[in-house]
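Everything below belongs to run03.txt, which stores compact mmCIF, C-alpha atoms.
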```
# COMPACT_ATOMS: atom_id res chain seq x y z
CA MET A 985 60.26 23.84 -2.42
CA ARG A 986 61.35 26.24 -5.17
CA LYS A 987 62.34 23.29 -7.36
CA LEU A 988 58.89 21.83 -6.91
CA SER A 989 57.09 25.08 -7.77
CA TRP A 990 59.21 25.56 -10.92
CA ASN A 991 59.00 21.97 -12.08
CA ARG A 992 55.51 21.69 -13.52
CA ARG A 993 56.00 18.52 -15.51
CA GLY A 994 53.44 15.82 -14.63
CA ILE A 995 50.69 18.22 -13.61
CA THR A 996 48.58 17.48 -16.69
CA PRO A 997 48.25 13.72 -15.98
CA VAL A 998 47.31 14.48 -12.35
CA LEU A 999 44.69 17.02 -13.43
CA SER A 1000 43.25 14.67 -16.05
CA SER A 1001 43.06 11.80 -13.56
CA LEU A 1002 41.37 14.08 -11.03
CA LEU A 1003 38.88 15.32 -13.63
CA LEU A 1004 38.11 11.78 -14.74
CA THR A 1005 37.55 10.72 -11.13
CA VAL A 1006 35.17 13.66 -10.56
CA ILE A 1007 33.25 12.81 -13.76
CA ALA A 1008 33.06 9.13 -12.81
CA VAL A 1009 31.80 9.90 -9.30
CA ALA A 1010 29.22 12.37 -10.66
CA GLY A 1011 28.05 9.82 -13.23
CA MET A 1012 27.67 7.12 -10.60
CA SER A 1013 25.78 9.51 -8.30
CA ILE A 1014 23.34 10.32 -11.12
CA ALA A 1015 22.92 6.61 -11.91
CA VAL A 1016 22.30 5.72 -8.26
CA SER A 1017 19.82 8.61 -7.83
CA ALA A 1018 17.95 7.55 -10.98
CA THR A 1019 17.83 3.96 -9.68
CA TYR A 1020 16.41 5.17 -6.38
CA VAL A 1021 13.76 7.35 -8.06
CA ILE A 1022 12.66 4.58 -10.46
CA THR A 1023 12.41 1.87 -7.78
CA ASP A 1024 10.75 4.23 -5.30
CA GLY A 1025 7.99 5.04 -7.81
CA LEU A 1026 7.47 1.36 -8.57
CA HIS A 1027 7.45 0.57 -4.82
CA ASP A 1028 4.66 3.09 -4.28
CA ASN A 1029 2.70 1.77 -7.23
CA MET A 1030 3.00 -1.90 -6.32
CA GLY A 1031 2.62 -1.50 -2.55
CA GLU A 1032 -0.68 0.38 -2.50
CA ARG A 1033 -3.76 -1.48 -1.25
CA LEU A 1034 -6.95 0.35 -0.33
CA ILE A 1035 -10.39 -0.82 0.77
CA VAL A 1036 -13.70 0.94 1.26
CA GLU A 1037 -15.06 -0.13 4.64
CA ASP A 1038 -18.32 1.77 4.43
CA VAL A 1039 -20.29 4.16 2.26
CA TRP A 1040 -22.76 6.58 3.84
CA PHE A 1041 -25.14 8.67 1.77
CA THR A 1042 -26.06 11.90 3.57
CA THR A 1043 -27.66 15.12 2.33
CA GLY A 1044 -25.56 16.51 -0.52
CA GLN A 1045 -22.63 14.23 0.03
CA VAL A 1046 -21.36 10.66 0.00
CA SER A 1047 -18.93 9.64 2.73
CA LEU A 1048 -16.55 6.76 2.19
CA TYR A 1049 -14.61 5.18 5.03
CA LEU A 1050 -11.25 4.13 3.64
CA ARG A 1051 -8.59 1.87 5.12
CA ASN A 1052 -5.00 1.62 3.93
CA VAL A 1053 -4.13 -2.09 3.94
CA GLY A 1054 -1.00 -1.68 1.80
CA LYS A 1055 2.66 -1.22 2.58
CA VAL A 1056 3.01 2.47 1.72
CA SER A 1057 1.12 5.64 2.61
CA ILE A 1058 -1.58 6.75 0.20
CA LYS A 1059 -3.06 10.06 -0.83
CA VAL A 1060 -6.41 10.32 -2.57
CA ALA A 1061 -5.96 12.24 -5.82
CA ALA A 1062 -9.41 12.01 -7.41
CA VAL A 1063 -12.93 10.68 -6.81
CA TYR A 1064 -15.35 9.89 -9.64
CA VAL A 1065 -19.05 9.28 -9.11
CA ASN A 1066 -20.75 7.86 -12.19
CA ARG A 1067 -17.61 8.71 -14.17
CA THR A 1068 -17.75 12.39 -13.27
CA ARG A 1069 -15.01 13.95 -11.17
CA GLN A 1070 -16.28 15.27 -7.82
CA SER A 1071 -14.80 17.53 -5.17
CA PHE A 1072 -13.74 15.90 -1.92
CA THR A 1073 -11.99 16.57 1.37
CA SER A 1074 -8.27 15.89 1.22
CA LEU A 1075 -7.25 12.55 2.72
CA GLU A 1076 -3.84 11.03 3.30
CA LEU A 1077 -3.54 7.68 5.07
CA GLU A 1078 -0.41 6.16 6.52
CA GLU A 1079 0.05 2.39 6.61
CA ASN A 1080 -2.83 0.70 8.54
CA ASN A 1081 -4.63 4.03 9.01
CA HIS A 1082 -8.26 4.76 8.17
CA GLY A 1083 -10.59 7.71 7.84
CA TRP A 1084 -13.59 9.35 6.22
CA LEU A 1085 -13.45 10.72 2.70
CA ASN A 1086 -16.30 13.17 2.16
CA VAL A 1087 -17.37 13.59 -1.45
CA THR A 1088 -19.73 16.38 -2.45
CA TYR A 1089 -22.42 14.82 -4.61
CA SER A 1090 -26.17 15.35 -5.00
CA TRP A 1091 -27.37 11.78 -5.23
CA SER A 1092 -30.85 10.62 -6.11
CA ALA A 1093 -32.69 8.06 -4.01
CA ASP A 1094 -32.68 4.36 -4.84
CA SER A 1095 -30.09 4.48 -7.57
CA ALA A 1096 -26.79 2.73 -8.14
CA CYS A 1097 -23.69 4.89 -8.01
CA GLU A 1098 -20.38 3.88 -9.49
CA ILE A 1099 -17.77 5.33 -7.14
CA LYS A 1100 -14.11 5.28 -8.08
CA VAL A 1101 -11.32 6.41 -5.76
CA VAL A 1102 -7.96 7.11 -7.40
CA THR A 1103 -4.73 7.55 -5.47
CA ARG A 1104 -1.72 9.72 -6.32
CA SER A 1105 0.22 6.68 -7.58
CA GLY A 1106 -2.62 5.61 -9.84
CA THR A 1107 -4.21 2.80 -7.83
CA ASN A 1108 -7.98 2.86 -8.13
CA VAL A 1109 -10.80 1.21 -6.21
CA VAL A 1110 -14.13 1.10 -7.98
CA ASP A 1111 -17.49 -0.38 -6.95
CA TYR A 1112 -21.24 0.15 -7.21
CA TYR A 1113 -23.24 1.32 -4.19
CA MET A 1114 -27.00 1.68 -3.84
CA SER A 1115 -28.26 4.97 -2.44
CA PRO A 1116 -31.01 4.68 0.21
CA SER A 1117 -34.64 5.14 -0.72
CA MET B 413 56.05 -20.71 -17.87
CA LEU B 414 53.45 -19.89 -20.49
CA TRP B 415 51.03 -18.96 -17.72
CA ILE B 416 53.50 -16.49 -16.17
CA ILE B 417 54.15 -14.85 -19.56
CA THR B 418 50.42 -14.47 -20.20
CA CYS B 419 49.91 -12.90 -16.75
CA ARG B 420 52.72 -10.40 -17.34
CA ARG B 421 51.29 -9.46 -20.73
CA LEU B 422 47.87 -8.94 -19.21
CA LYS B 423 49.34 -6.75 -16.45
CA ARG B 424 51.14 -4.55 -18.96
CA ASN B 425 48.32 -4.31 -21.47
CA GLN B 426 45.63 -2.30 -19.70
CA ARG B 427 43.56 -1.39 -22.74
CA GLY B 428 39.87 -2.20 -22.27
CA VAL B 429 39.94 -2.08 -18.46
CA SER B 430 37.63 0.95 -18.36
CA ASN B 431 35.11 -0.88 -20.54
CA ILE B 432 35.09 -3.80 -18.15
CA ILE B 433 34.60 -1.47 -15.15
CA VAL B 434 31.69 0.30 -16.89
CA VAL B 435 30.02 -3.02 -17.75
CA VAL B 436 30.44 -4.35 -14.20
CA LEU B 437 29.04 -1.16 -12.61
CA SER B 438 26.10 -1.14 -15.04
CA LEU B 439 25.39 -4.77 -14.21
CA VAL B 440 25.47 -3.97 -10.48
CA ILE B 441 22.93 -1.15 -10.96
CA ILE B 442 20.63 -3.28 -13.15
CA LEU B 443 20.86 -6.16 -10.68
CA ALA B 444 19.98 -3.81 -7.79
CA ILE B 445 16.89 -2.49 -9.64
CA VAL B 446 15.66 -5.92 -10.73
CA SER B 447 16.20 -7.61 -7.35
CA ASN B 448 14.47 -4.74 -5.57
CA ILE B 449 11.41 -4.96 -7.82
CA VAL B 450 11.25 -8.76 -7.73
CA LEU B 451 11.50 -8.90 -3.92
CA TRP B 452 8.84 -6.20 -3.47
CA ASN B 453 6.55 -7.90 -5.98
CA TYR B 454 6.97 -11.20 -4.12
CA GLU B 455 6.06 -9.50 -0.82
CA MET B 456 2.92 -7.90 -2.29
CA ASN B 457 1.89 -11.20 -3.90
CA GLN B 458 2.17 -12.77 -0.46
CA VAL B 459 -0.12 -10.05 0.94
CA ASP B 460 -2.73 -10.65 -1.80
CA TRP B 461 -2.51 -14.42 -1.40
CA GLU B 462 -3.08 -14.16 2.37
CA LYS B 463 -6.06 -11.86 1.78
CA MET B 464 -7.60 -14.37 -0.63
CA ARG B 465 -7.24 -17.19 1.90
CA GLU B 466 -9.22 -15.35 4.59
CA ASN B 467 -12.78 -16.46 5.16
CA VAL B 468 -14.51 -14.99 8.19
CA THR B 469 -18.26 -14.93 8.88
CA ILE B 470 -20.53 -13.44 11.52
CA THR B 471 -22.78 -16.30 12.60
CA ASN B 472 -24.79 -14.61 15.35
CA VAL B 473 -25.51 -11.28 17.03
CA GLU B 474 -27.26 -11.54 20.37
CA ASN B 475 -28.50 -9.17 23.04
CA VAL B 476 -27.21 -10.65 26.32
CA THR B 477 -27.39 -9.41 29.92
CA TYR B 478 -24.16 -7.36 29.82
CA GLY B 479 -24.36 -6.00 26.29
CA PHE B 480 -24.17 -7.42 22.80
CA GLN B 481 -22.44 -10.63 21.90
CA PHE B 482 -21.09 -11.22 18.40
CA THR B 483 -20.09 -14.67 17.21
CA PHE B 484 -17.35 -14.81 14.58
CA GLU B 485 -16.25 -17.89 12.71
CA ASN B 486 -12.98 -18.25 10.85
CA ASN B 487 -13.28 -20.80 8.05
CA GLY B 488 -10.02 -19.80 6.38
CA GLY B 489 -6.58 -21.25 6.69
CA LEU B 490 -4.96 -18.30 8.45
CA THR B 491 -5.40 -16.51 11.76
CA VAL B 492 -7.65 -13.50 11.29
CA HIS B 493 -7.31 -10.14 13.02
CA LEU B 494 -10.57 -8.16 13.18
CA VAL B 495 -9.96 -4.43 13.43
CA SER B 496 -13.30 -2.68 12.76
CA LEU B 497 -16.89 -3.28 13.78
CA TRP B 498 -19.73 -1.42 12.11
CA ILE B 499 -23.35 -1.19 13.27
CA ILE B 500 -25.42 0.27 10.46
CA ASN B 501 -29.07 1.13 10.07
CA SER B 502 -30.96 3.47 7.77
CA THR B 503 -30.04 6.59 9.76
CA ASP B 504 -26.72 5.88 11.44
CA HIS B 505 -23.35 4.30 10.68
CA GLN B 506 -21.44 3.58 13.91
CA ARG B 507 -17.86 2.40 13.83
CA TYR B 508 -15.98 0.77 16.71
CA ASP B 509 -12.28 -0.09 16.91
CA ILE B 510 -11.81 -3.72 17.90
CA SER B 511 -8.89 -6.11 18.10
CA VAL B 512 -10.01 -9.72 17.94
CA PHE B 513 -7.79 -12.59 16.80
CA ILE B 514 -9.48 -15.77 15.58
CA ASN B 515 -7.45 -18.87 14.86
CA SER B 516 -8.05 -20.96 11.78
CA ALA B 517 -11.23 -23.08 12.00
CA ALA B 518 -12.17 -21.47 15.34
CA THR B 519 -15.27 -19.68 16.61
CA ASN B 520 -14.99 -16.66 18.85
CA ASN B 521 -17.60 -14.86 20.96
CA TYR B 522 -17.01 -11.14 21.36
CA LEU B 523 -18.93 -9.17 23.99
CA ARG B 524 -19.34 -5.37 23.98
CA ASP B 525 -21.27 -3.44 26.59
CA ASP B 526 -20.71 0.04 25.12
CA ILE B 527 -22.51 -0.43 21.83
CA TYR B 528 -25.71 1.40 21.07
CA PHE B 529 -27.83 -0.96 19.05
CA PRO B 530 -30.52 0.48 16.78
CA THR B 531 -34.05 -0.89 16.64
CA GLY B 532 -35.44 -2.30 13.41
CA ASN B 533 -33.33 -3.52 10.50
CA TYR B 534 -29.61 -3.38 11.05
CA THR B 535 -26.39 -4.57 9.44
CA VAL B 536 -23.26 -5.60 11.29
CA LYS B 537 -19.95 -5.49 9.47
CA VAL B 538 -16.49 -6.56 10.57
CA VAL B 539 -13.30 -5.71 8.72
CA THR B 540 -10.09 -7.70 8.91
CA GLU B 541 -6.59 -6.26 9.00
CA ARG B 542 -5.92 -7.70 5.52
CA GLY B 543 -8.96 -5.90 4.12
CA ASN B 544 -11.77 -8.47 3.98
CA VAL B 545 -15.30 -7.71 5.15
CA ALA B 546 -17.96 -9.97 6.72
CA ILE B 547 -21.59 -8.83 6.85
CA TYR B 548 -24.53 -9.90 8.98
CA SER B 549 -28.08 -8.55 8.72
CA GLY B 550 -30.81 -8.80 11.33
CA ILE B 551 -33.80 -7.16 12.99
CA SER B 552 -33.76 -5.99 16.59
CA ASN B 553 -36.77 -5.16 18.80
```
Would you encode the structure as structure tokens?
Amino acid sequence: MRKLSWNRRGITPVLSSLLLTVIAVAGMSIAVSATYVITDGLHDNMGERLIVEDVWFTTGQVSLYLRNVGKVSIKVAAVYVNRTRQSFTSLELEENNHGWLNVTYSWSADSACEIKVVTRSGTNVVDYYMSPS
Amino acid sequence: MLWIITCRRLKRNQRGVSNIIVVVLSLVIILAIVSNIVLWNYEMNQVDWEKMRENVTITNVENVTYGFQFTFENNGGLTVHLVSLWIINSTDHQRYDISVFINSAATNNYLRDDIYFPTGNYTVKVVTERGNVAIYSGISN
């Protein structure tokens, strides 16, 4: 035991090997994490599909009934009516879920409105809807 | 003999091994990313292709003794799953959850006794699980 504690030859190669192993493992972990983050973002972007089932013009607001027909959950990030950003109630839809998205907008009767819904991942659904007379 | 000598030389000479390991690991990571994206893209293309092949129509809406009967026709090449039914008039937008499967080239009658039907002009809409919409307009007394 004493011999071993006095004899310190060969410690440097062990330490260097250990350090190299730690660096290699850390590097691989970073690479794998980066891979996961990149592919996860692309998954979200490619897997989003959204449809507008119905649009209902009521006093001071436009309600859109949205359905998630994609493979990932979606969150509405912005709504534009006639290319102007409008305030709206927060909406997050899981796969195959559906719900109302209420947009505050003072619409005028008998006019076409361009409504664009943009999700957090950048998918957008845009169409024209006629307001009632 | 020559083969054995070459193998021994290769075993002794370990320069360049780390480079090979780095290249192999990088290739594994790149392959994982590319295959993941390609497979996912293929799956989503399949979803879009199926959506494009759907063709469902509402051929009739009728007030019968026990409620309202809707006639749906599937003219597409795939089985259709209807998930939403909308009854819309100028003042109200009613939505009903439904689950109706219609085979390819088939016609299906769907009866509902719990639907409030508005008088005057109305629009009936059905939505499929893949995201297509069929619309029917009529006038009720």
At most 8 Å to chain A: residues in chain B, only C-alpha atoms, as a PyMOL selection string = chain B and resi 441+445+448-449+452-453+456+502+505+539+541-543+545
Give the padded box for stretch 502-521 of chain B as lines of an AutoDock Vina configuration file: axis-aligned, covering all atoms listed in the file, 6 Å on each side, centre and edge lengths in Å to one decimal.
```
center_x = -19.2
center_y = -8.2
center_z = 14.4
size_x = 35.5
size_y = 41.7
size_z = 25.2
```
Between atom CA of B:Ile500 and atom CA of A:Ala1093, what is the spacing in Å?
->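 Computing it gives 18.0 Å between the two atoms.
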Work out how far apart atom CA of B:Tyr528 and atom CA of B:Leu494 are and give it in Å to one decimal.
->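 Atom CA of B:Leu494 lies at a distance of 19.6 Å from atom CA of B:Tyr528.
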Spatial neighbours of B:Val538, max dist 8 Å, all atoms listed in the file, sep filter under 3 positions, as number ranges by chain | B: 494-498, 545-547
Separation of atom CA of B:Asp526 and atom CA of B:Thr477, in Å?
->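 Value for the atom CA of B:Asp526-atom CA of B:Thr477 distance: 12.5 Å.
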Residue rebuild result stretch 522-536 of chain B, N, CA and C atoms as a PDB file, in the coordinates of the input:
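As written to disk, part.pdb reads:
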```pdb
ATOM      1  N   TYR B 522     -17.564 -12.456  21.009  1.00  0.00           N
ATOM      2  CA  TYR B 522     -17.010 -11.140  21.360  1.00  0.00           C
ATOM      3  C   TYR B 522     -18.127 -10.309  21.998  1.00  0.00           C
ATOM      4  N   LEU B 523     -17.900  -9.901  23.239  1.00  0.00           N
ATOM      5  CA  LEU B 523     -18.930  -9.170  23.990  1.00  0.00           C
ATOM      6  C   LEU B 523     -18.569  -7.699  24.099  1.00  0.00           C
ATOM      7  N   ARG B 524     -19.550  -6.824  23.821  1.00  0.00           N
ATOM      8  CA  ARG B 524     -19.340  -5.370  23.980  1.00  0.00           C
ATOM      9  C   ARG B 524     -20.513  -4.811  24.766  1.00  0.00           C
ATOM     10  N   ASP B 525     -20.188  -4.026  25.784  1.00  0.00           N
ATOM     11  CA  ASP B 525     -21.270  -3.440  26.590  1.00  0.00           C
ATOM     12  C   ASP B 525     -21.453  -1.945  26.298  1.00  0.00           C
ATOM     13  N   ASP B 526     -20.643  -1.400  25.393  1.00  0.00           N
ATOM     14  CA  ASP B 526     -20.710   0.040  25.120  1.00  0.00           C
ATOM     15  C   ASP B 526     -21.327   0.350  23.756  1.00  0.00           C
ATOM     16  N   ILE B 527     -21.973  -0.628  23.181  1.00  0.00           N
ATOM     17  CA  ILE B 527     -22.510  -0.430  21.830  1.00  0.00           C
ATOM     18  C   ILE B 527     -23.979  -0.053  21.891  1.00  0.00           C
ATOM     19  N   TYR B 528     -24.311   1.025  21.195  1.00  0.00           N
ATOM     20  CA  TYR B 528     -25.710   1.400  21.070  1.00  0.00           C
ATOM     21  C   TYR B 528     -26.269   0.645  19.867  1.00  0.00           C
ATOM     22  N   PHE B 529     -27.284  -0.157  20.119  1.00  0.00           N
ATOM     23  CA  PHE B 529     -27.830  -0.960  19.050  1.00  0.00           C
ATOM     24  C   PHE B 529     -29.145  -0.370  18.566  1.00  0.00           C
ATOM     25  N   PRO B 530     -29.286  -0.133  17.276  1.00  0.00           N
ATOM     26  CA  PRO B 530     -30.520   0.480  16.780  1.00  0.00           C
ATOM     27  C   PRO B 530     -31.681  -0.533  16.749  1.00  0.00           C
ATOM     28  N   THR B 531     -32.884  -0.005  16.774  1.00  0.00           N
ATOM     29  CA  THR B 531     -34.050  -0.890  16.640  1.00  0.00           C
ATOM     30  C   THR B 531     -34.397  -1.003  15.147  1.00  0.00           C
ATOM     31  N   GLY B 532     -35.063  -2.078  14.812  1.00  0.00           N
ATOM     32  CA  GLY B 532     -35.440  -2.300  13.410  1.00  0.00           C
ATOM     33  C   GLY B 532     -34.343  -3.025  12.647  1.00  0.00           C
ATOM     34  N   ASN B 533     -34.330  -2.829  11.352  1.00  0.00           N
ATOM     35  CA  ASN B 533     -33.330  -3.520  10.500  1.00  0.00           C
ATOM     36  C   ASN B 533     -31.935  -2.950  10.743  1.00  0.00           C
ATOM     37  N   TYR B 534     -30.993  -3.829  10.856  1.00  0.00           N
ATOM     38  CA  TYR B 534     -29.610  -3.380  11.050  1.00  0.00           C
ATOM     39  C   TYR B 534     -28.647  -4.294  10.270  1.00  0.00           C
ATOM     40  N   THR B 535     -27.464  -3.784  10.072  1.00  0.00           N
ATOM     41  CA  THR B 535     -26.390  -4.570   9.440  1.00  0.00           C
ATOM     42  C   THR B 535     -25.145  -4.458  10.308  1.00  0.00           C
ATOM     43  N   VAL B 536     -24.519  -5.595  10.550  1.00  0.00           N
ATOM     44  CA  VAL B 536     -23.260  -5.600  11.290  1.00  0.00           C
ATOM     45  C   VAL B 536     -22.149  -5.993  10.305  1.00  0.00           C
TER      46      VAL B 536
END
```
